[in-house]
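Pasted below: target-v3.txt, compact mmCIF, C-alpha atoms.
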# COMPACT_ATOMS: atom_id res chain seq x y z
CA MET A 126 27.11 -10.50 -19.93
CA ILE A 127 25.40 -7.13 -19.49
CA LYS A 128 27.64 -4.18 -20.37
CA ASN A 129 28.78 -2.02 -17.40
CA LEU A 130 27.00 -4.25 -14.85
CA ARG A 131 29.09 -5.05 -11.80
CA PRO A 132 28.69 -8.62 -10.47
CA SER A 133 26.77 -8.75 -7.19
CA GLU A 134 25.44 -11.47 -4.89
CA VAL A 135 22.89 -9.15 -3.31
CA LEU A 136 21.10 -8.18 -6.54
CA SER A 137 19.98 -10.58 -9.26
CA VAL A 138 19.95 -8.97 -12.70
CA GLU A 139 18.62 -10.53 -15.88
CA LYS A 140 17.94 -9.14 -19.33
CA SER A 141 14.64 -10.29 -20.86
CA GLY A 142 14.34 -8.86 -24.35
CA ARG A 143 14.40 -5.08 -23.86
CA VAL A 144 13.47 -5.33 -20.17
CA LEU A 145 15.98 -5.42 -17.30
CA LEU A 146 14.84 -7.51 -14.32
CA MET A 147 16.39 -6.39 -11.01
CA GLY A 148 15.76 -8.58 -7.95
CA LEU A 149 16.72 -7.60 -4.40
CA ASN A 150 18.57 -10.67 -3.20
CA ARG A 151 19.14 -10.77 0.55
CA PRO A 152 16.16 -12.98 1.40
CA ALA A 153 17.61 -14.19 4.71
CA LYS A 154 17.67 -10.52 5.80
CA ARG A 155 14.25 -9.74 4.29
CA ASN A 156 16.19 -7.93 1.52
CA ALA A 157 17.23 -5.20 3.95
CA PHE A 158 19.40 -2.58 2.28
CA ASN A 159 23.03 -2.40 3.28
CA MET A 160 25.50 -0.29 1.32
CA ASP A 161 26.37 -3.23 -0.96
CA LEU A 162 22.76 -3.56 -2.06
CA LEU A 163 22.33 0.20 -2.49
CA ARG A 164 25.44 0.34 -4.67
CA ALA A 165 24.43 -2.70 -6.70
CA LEU A 166 20.97 -1.29 -7.40
CA ALA A 167 22.45 2.12 -8.25
CA ASN A 168 24.72 0.42 -10.78
CA ALA A 169 21.81 -1.55 -12.28
CA TYR A 170 19.79 1.66 -12.66
CA TYR A 171 22.76 3.23 -14.47
CA VAL A 172 22.92 0.25 -16.83
CA LEU A 173 19.18 0.51 -17.46
CA ASP A 174 19.52 4.18 -18.32
CA THR A 175 22.57 3.93 -20.58
CA ASP A 176 22.09 0.66 -22.49
CA GLU A 177 20.30 1.50 -25.76
CA ASP A 178 18.94 -2.05 -25.97
CA LEU A 179 16.97 -1.59 -22.74
CA ARG A 180 13.64 0.23 -22.69
CA CYS A 181 12.16 -0.57 -19.29
CA GLY A 182 13.18 -2.02 -15.93
CA VAL A 183 11.38 -4.21 -13.39
CA LEU A 184 12.29 -4.01 -9.71
CA TYR A 185 11.21 -6.82 -7.37
CA GLY A 186 12.29 -8.77 -4.30
CA ASN A 187 13.46 -12.37 -4.10
CA GLY A 188 12.16 -14.49 -1.23
CA ASP A 189 9.15 -13.72 0.96
CA ASN A 190 9.42 -9.91 1.02
CA PHE A 191 10.18 -6.90 -1.12
CA THR A 192 12.38 -5.34 1.55
CA GLY A 193 12.54 -4.99 5.31
CA GLY A 194 13.97 -1.50 4.85
CA LEU A 195 17.38 -0.05 5.59
CA ASP A 196 20.08 -1.83 7.53
CA LEU A 197 20.43 1.26 9.72
CA ALA A 198 23.64 0.18 11.44
CA ASP A 199 25.37 -0.08 8.07
CA VAL A 200 23.74 2.73 6.09
CA LEU A 201 22.75 5.52 8.51
CA PRO A 202 26.26 6.52 9.67
CA GLN A 203 27.40 6.97 6.07
CA ILE A 204 24.34 9.07 5.18
CA VAL A 205 24.71 11.24 8.30
CA ASP A 206 28.43 11.77 7.59
CA ASP A 207 27.62 12.53 3.92
CA ASN A 208 29.80 9.67 2.75
CA VAL A 209 27.45 8.44 0.01
CA ASP A 210 28.82 9.76 -3.25
CA TRP A 211 27.35 7.96 -6.25
CA ALA A 212 29.99 6.77 -8.72
CA GLU A 213 29.98 7.53 -12.44
CA ASP A 214 28.39 4.13 -13.13
CA GLU A 215 25.63 4.56 -10.52
CA LEU A 216 22.27 6.36 -10.39
CA ASN A 217 20.66 7.15 -7.04
CA PRO A 218 17.85 4.53 -6.80
CA VAL A 219 15.46 6.90 -4.99
CA SER A 220 16.32 9.87 -7.24
CA THR A 221 16.65 12.40 -4.42
CA THR A 222 20.02 13.60 -5.74
CA GLY A 223 21.91 13.34 -9.00
CA PRO A 224 20.63 12.97 -12.57
CA ALA A 225 17.02 11.93 -13.09
CA ARG A 226 16.46 8.47 -14.52
CA THR A 227 15.10 8.60 -18.07
CA THR A 228 14.12 4.94 -18.57
CA PRO A 229 10.88 3.73 -16.92
CA VAL A 230 10.83 1.33 -13.98
CA VAL A 231 7.88 -0.89 -13.03
CA ALA A 232 8.06 -2.15 -9.45
CA ALA A 233 6.49 -5.35 -8.09
CA VAL A 234 6.07 -5.63 -4.33
CA HIS A 235 5.01 -8.48 -2.04
CA GLY A 236 5.32 -9.27 1.64
CA TRP A 237 6.88 -6.45 3.65
CA SER A 238 7.89 -3.16 2.06
CA MET A 239 9.33 -0.97 4.79
CA THR A 240 10.94 2.49 4.78
CA ILE A 241 13.18 2.61 1.68
CA GLY A 242 10.87 0.03 0.07
CA ILE A 243 8.06 2.59 -0.09
CA GLU A 244 10.51 5.24 -1.28
CA LEU A 245 11.75 3.00 -4.09
CA LEU A 246 8.13 2.53 -5.15
CA LEU A 247 7.44 6.27 -5.07
CA ALA A 248 10.57 6.85 -7.18
CA ALA A 249 9.49 4.21 -9.71
CA ASP A 250 6.97 4.94 -12.47
CA VAL A 251 4.36 2.18 -12.17
CA ARG A 252 3.86 0.01 -9.06
CA ILE A 253 2.15 -3.37 -8.68
CA ALA A 254 1.37 -4.93 -5.28
CA ALA A 255 0.56 -8.49 -4.31
CA ALA A 256 -2.52 -8.87 -2.12
CA ASN A 257 -0.29 -9.88 0.80
CA ALA A 258 1.86 -6.74 0.63
CA GLN A 259 2.33 -4.79 3.86
CA PHE A 260 3.86 -1.32 4.08
CA ALA A 261 5.38 0.83 6.83
CA GLN A 262 7.22 4.16 6.76
CA MET A 263 8.35 3.76 10.35
CA GLU A 264 11.41 6.02 10.69
CA VAL A 265 9.69 8.18 13.34
CA GLN A 266 9.57 5.07 15.53
CA ARG A 267 13.38 4.94 15.35
CA GLY A 268 14.01 8.58 16.20
CA ILE A 269 14.71 9.74 12.64
CA PHE A 270 12.57 10.57 9.59
CA PRO A 271 12.27 9.29 5.98
CA LEU A 272 15.52 9.76 4.08
CA GLY A 273 14.60 8.86 0.51
CA GLY A 274 11.87 11.19 -0.67
CA ALA A 275 8.74 9.96 1.14
CA THR A 276 8.33 13.30 2.95
CA TYR A 277 7.52 15.06 -0.31
CA ARG A 278 6.47 12.28 -2.69
CA LEU A 279 3.85 10.66 -0.47
CA PRO A 280 1.99 13.98 0.18
CA ARG A 281 2.13 14.61 -3.57
CA GLU A 282 0.63 11.19 -4.37
CA ALA A 283 -1.79 10.80 -1.47
CA GLY A 284 -2.58 14.32 -0.24
CA TRP A 285 -1.33 15.91 2.98
CA GLY A 286 -3.65 14.29 5.51
CA ASN A 287 -3.44 10.83 3.97
CA ALA A 288 0.36 11.01 3.94
CA MET A 289 0.74 12.38 7.45
CA ARG A 290 -1.56 9.66 8.82
CA TRP A 291 1.17 7.13 8.04
CA LEU A 292 4.36 9.22 8.09
CA LEU A 293 3.72 10.59 11.59
CA THR A 294 2.72 7.29 13.20
CA GLY A 295 4.88 4.76 11.38
CA ASP A 296 1.91 2.40 11.48
CA PRO A 297 1.73 -0.43 8.93
CA PHE A 298 -0.87 -0.43 6.15
CA ASP A 299 -2.00 -3.02 3.64
CA ALA A 300 -2.17 -3.30 -0.14
CA ASN A 301 -5.69 -1.89 -0.40
CA GLU A 302 -4.66 1.21 1.51
CA ALA A 303 -1.55 1.52 -0.67
CA LEU A 304 -3.85 1.46 -3.70
CA ARG A 305 -6.08 4.15 -2.18
CA LEU A 306 -3.05 6.32 -1.43
CA GLY A 307 -1.60 5.95 -4.93
CA VAL A 308 1.53 4.18 -3.65
CA VAL A 309 0.59 1.36 -6.04
CA GLN A 310 -1.56 1.34 -9.16
CA GLU A 311 -2.77 -2.27 -9.10
CA VAL A 312 -3.25 -5.05 -6.55
CA VAL A 313 -3.06 -8.60 -7.90
CA ASP A 314 -3.22 -12.08 -6.43
CA THR A 315 -0.14 -12.95 -4.40
CA GLY A 316 2.38 -14.60 -6.70
CA GLN A 317 1.17 -12.71 -9.79
CA GLN A 318 2.84 -9.37 -9.04
CA LEU A 319 6.08 -10.04 -10.90
CA SER A 320 4.46 -11.46 -14.04
CA ARG A 321 2.07 -8.49 -14.14
CA ALA A 322 4.97 -6.05 -13.76
CA ILE A 323 6.88 -7.77 -16.56
CA GLU A 324 3.78 -7.68 -18.76
CA LEU A 325 3.48 -3.92 -18.28
CA ALA A 326 7.24 -3.40 -18.78
CA GLN A 327 7.12 -5.32 -22.05
CA ARG A 328 4.16 -3.22 -23.17
CA ILE A 329 6.10 -0.03 -22.36
CA SER A 330 9.17 -1.36 -24.16
CA GLU A 331 7.14 -1.68 -27.38
CA GLN A 332 6.51 2.07 -27.51
CA ALA A 333 8.74 4.77 -29.01
CA PRO A 334 11.75 5.30 -26.70
CA LEU A 335 12.09 8.98 -27.60
CA GLY A 336 8.41 9.52 -26.89
CA ILE A 337 8.68 7.68 -23.57
CA ARG A 338 11.63 9.79 -22.44
CA ALA A 339 9.97 13.01 -23.57
CA THR A 340 6.80 12.08 -21.68
CA MET A 341 8.72 11.42 -18.47
CA ALA A 342 10.79 14.59 -18.85
CA SER A 343 7.70 16.75 -19.44
CA ALA A 344 5.92 15.28 -16.42
CA ARG A 345 8.97 15.79 -14.18
CA LEU A 346 9.40 19.37 -15.41
CA ALA A 347 5.81 20.10 -14.42
CA LEU A 348 6.48 18.76 -10.92
CA THR A 349 9.72 20.66 -10.40
CA ASP A 350 9.14 23.91 -12.30
CA GLY A 351 5.37 24.07 -12.71
CA GLU A 352 2.82 23.48 -15.44
CA VAL A 353 3.44 26.79 -17.25
CA VAL A 354 7.13 25.99 -17.74
CA ALA A 355 6.33 22.44 -18.83
CA GLY A 356 3.67 23.68 -21.20
CA ASP A 357 6.02 26.22 -22.77
CA ALA A 358 8.55 23.45 -23.47
CA ILE A 359 6.14 21.14 -25.28
CA ARG A 360 6.21 22.76 -28.71
CA ASP A 361 10.00 22.75 -29.08
CA GLU A 362 10.20 19.15 -27.95
CA LEU A 363 7.42 18.16 -30.33
CA ARG A 364 9.27 19.80 -33.22
CA ARG A 365 12.39 17.84 -32.34
CA LEU A 366 10.56 14.52 -32.09
CA SER A 367 8.51 15.06 -35.26
CA THR A 368 11.65 14.75 -37.40
CA SER A 369 12.82 11.52 -35.76
CA ASP A 370 12.82 8.11 -37.42
CA ASP A 371 10.45 6.90 -34.71
CA ALA A 372 7.86 9.55 -35.53
CA LYS A 373 8.04 8.60 -39.20
CA GLU A 374 7.71 4.92 -38.30
CA GLY A 375 4.79 5.67 -36.01
CA MET A 376 2.88 7.40 -38.79
CA LEU A 377 3.78 4.79 -41.39
CA SER A 378 2.75 1.90 -39.15
CA PHE A 379 -0.57 3.67 -38.51
CA LEU A 380 -1.23 4.05 -42.22
CA GLU A 381 -0.17 0.47 -42.91
CA ARG A 382 -2.15 -0.84 -39.93
CA ARG A 383 0.72 -2.80 -38.41
CA PRO A 384 2.69 -2.71 -35.13
CA ALA A 385 5.42 -0.07 -35.14
CA GLN A 386 9.08 -1.09 -34.97
CA PHE A 387 10.78 1.72 -33.11
CA THR A 388 14.55 2.19 -33.05
CA GLY A 389 14.95 5.08 -30.61
CA ARG A 390 16.29 7.37 -33.33
Write-out of the structure in structure tokens:
Amino acid sequence: MIKNLRPSEVLSVEKSGRVLLMGLNRPAKRNAFNMDLLRALANAYYVLDTDEDLRCGVLYGNGDNFTGGLDLADVLPQIVDDNVDWAEDELNPVSTTGPARTTPVVAAVHGWSMTIGIELLLAADVRIAAANAQFAQMEVQRGIFPLGGATYRLPREAGWGNAMRWLLTGDPFDANEALRLGVVQEVVDTGQQLSRAIELAQRISEQAPLGIRATMASARLALTDGEVVAGDAIRDELRRLSTSDDAKEGMLSFLERRPAQFTGR
């Protein structure tokens, strides 16, 4: 049993070594997000970020698709009425509000990835797509607009014109275009996306946890407060990390020419 994880039928969760596998599990509904799935994923992200045994997460979809997007009839009224308050054991999966996640997530996408699917990818840290993946940020076709960060993250990743081409039309695009835009970092043969994501997550989990978190924090600080602020913070953070057990182990393993065994301390 995974500590602090709430049981859920709409999200499969499995611990594999130091990696937490999180599978969207409404295949009959193309893994469309209702509030139950949003809450379950928010809880799994909290577990990932607070369990010291976990060093990376993998997000994927069960069935034929990553996700068909939001179940608007269930979710939209609560968002409009501002009724979505994340609990103490939940982290906002798209990171538009609340504390920033500090543990990396690798996402694996196949089939359809619509609306919140793209936003979950943009909020993740590394994204892998199957060759058959199809994407659409189609809120403008429903009389609304993206709710989960695509309006500012996609222009940041892809550039203004590239982002507006898809945000303002809601047209679908394929895996190769997603790669060009920076929505994903690799395209692999269909069926290999999850194993590739797990491979990368395991590689990340072998690195120093304090160094990983510091890297993510520095990069986020540069995005939110600018490069000068992030640059000014580097020296103090480096001083703090240089006295850690992990830094000592990193140097010793280098001198002894062996893999490091990091403890996160």
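In this structure, atom CA of Thr240 of chain A sits 4.5 Å away from atom CA of Gln262 of chain A.
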Query raised in the report: What residues have an atom no more than 12 Å from (4.0, 6.7, -36.2) in the file's own frame, counting only C-alpha atoms, and can you write them as a list in words?
Result: Gln332, Ala333, Gly336, Leu366, Ser367, Thr368, Ser369, Asp370, Asp371, Ala372, Lys373, Glu374, Gly375, Met376, Leu377, Ser378, Phe379, Leu380, Glu381, Arg382, Arg383, Pro384, Ala385, Gln386, Phe387 and Thr388 of chain A
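Our summary of the geometry notes that atom CA of Leu163 of chain A is positioned 8.5 Å from atom CA of Asn217 of chain A.
Each of A:Val309, A:Ala288, A:Ala165, A:Ala326 was compared to Val138 of chain A using all atoms listed in the file, and A:Ala165 turns out to be the nearest.
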Wanna dump the segment 267-341 of chain A-segment 356-363 of chain A contacts at 12 Å for me, each residue with its shortest atom pair and the distance in Å to one decimal, counting all atoms listed in the file, ordered by chain and number, as JSON lines?
{"residue": "A:Leu335", "atom": "CA", "partner": "A:Glu362", "partner_atom": "CA", "distance": 10.4}
{"residue": "A:Gly336", "atom": "CA", "partner": "A:Leu363", "partner_atom": "CA", "distance": 9.4}
{"residue": "A:Arg338", "atom": "CA", "partner": "A:Glu362", "partner_atom": "CA", "distance": 11.0}
{"residue": "A:Ala339", "atom": "CA", "partner": "A:Glu362", "partner_atom": "CA", "distance": 7.5}
{"residue": "A:Thr340", "atom": "CA", "partner": "A:Ile359", "partner_atom": "CA", "distance": 9.8}
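Distance annotation: of A:Arg180, A:Arg155, A:Lys128, A:Arg305, the residue with the minimal separation from Ser141 of chain A is A:Arg180; atom set is only C-alpha atoms.
Among the candidates A:Asp214, A:Asp189, A:Glu139, A:Asp199, the one nearest to Arg164 of chain A when counting all atoms listed in the file is A:Asp214.
With distances taken over all atoms listed in the file, A:Gly242 is the one residue among A:Pro202, A:Gly273, A:Gly242, A:Gly148 lying closest to Ala261 of chain A.
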Requested in this report: Would you mind telling me which residue in A:Ser238, A:Gln266, A:Ser330, A:Ser133 lies nearest to Leu179 of chain A when using all atoms listed in the file?
Outcome: A:Ser330
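Between atom CA of Tyr277 of chain A and atom CA of Met263 of chain A lies a distance of 15.6 Å.
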Query - Protein/DNA/RNA residues near (4.6, -14.5, -6.7), cut 12 Å, all atoms listed in the file, as a PyMOL selection string - result: chain A and resi 185-191+233-236+253-258+313-322
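Proximity to Asp250 of chain A was assessed for A:Gly194, A:Glu264, A:Val219, A:Arg151 counting only C-alpha atoms; the smallest distance is recorded for A:Val219.
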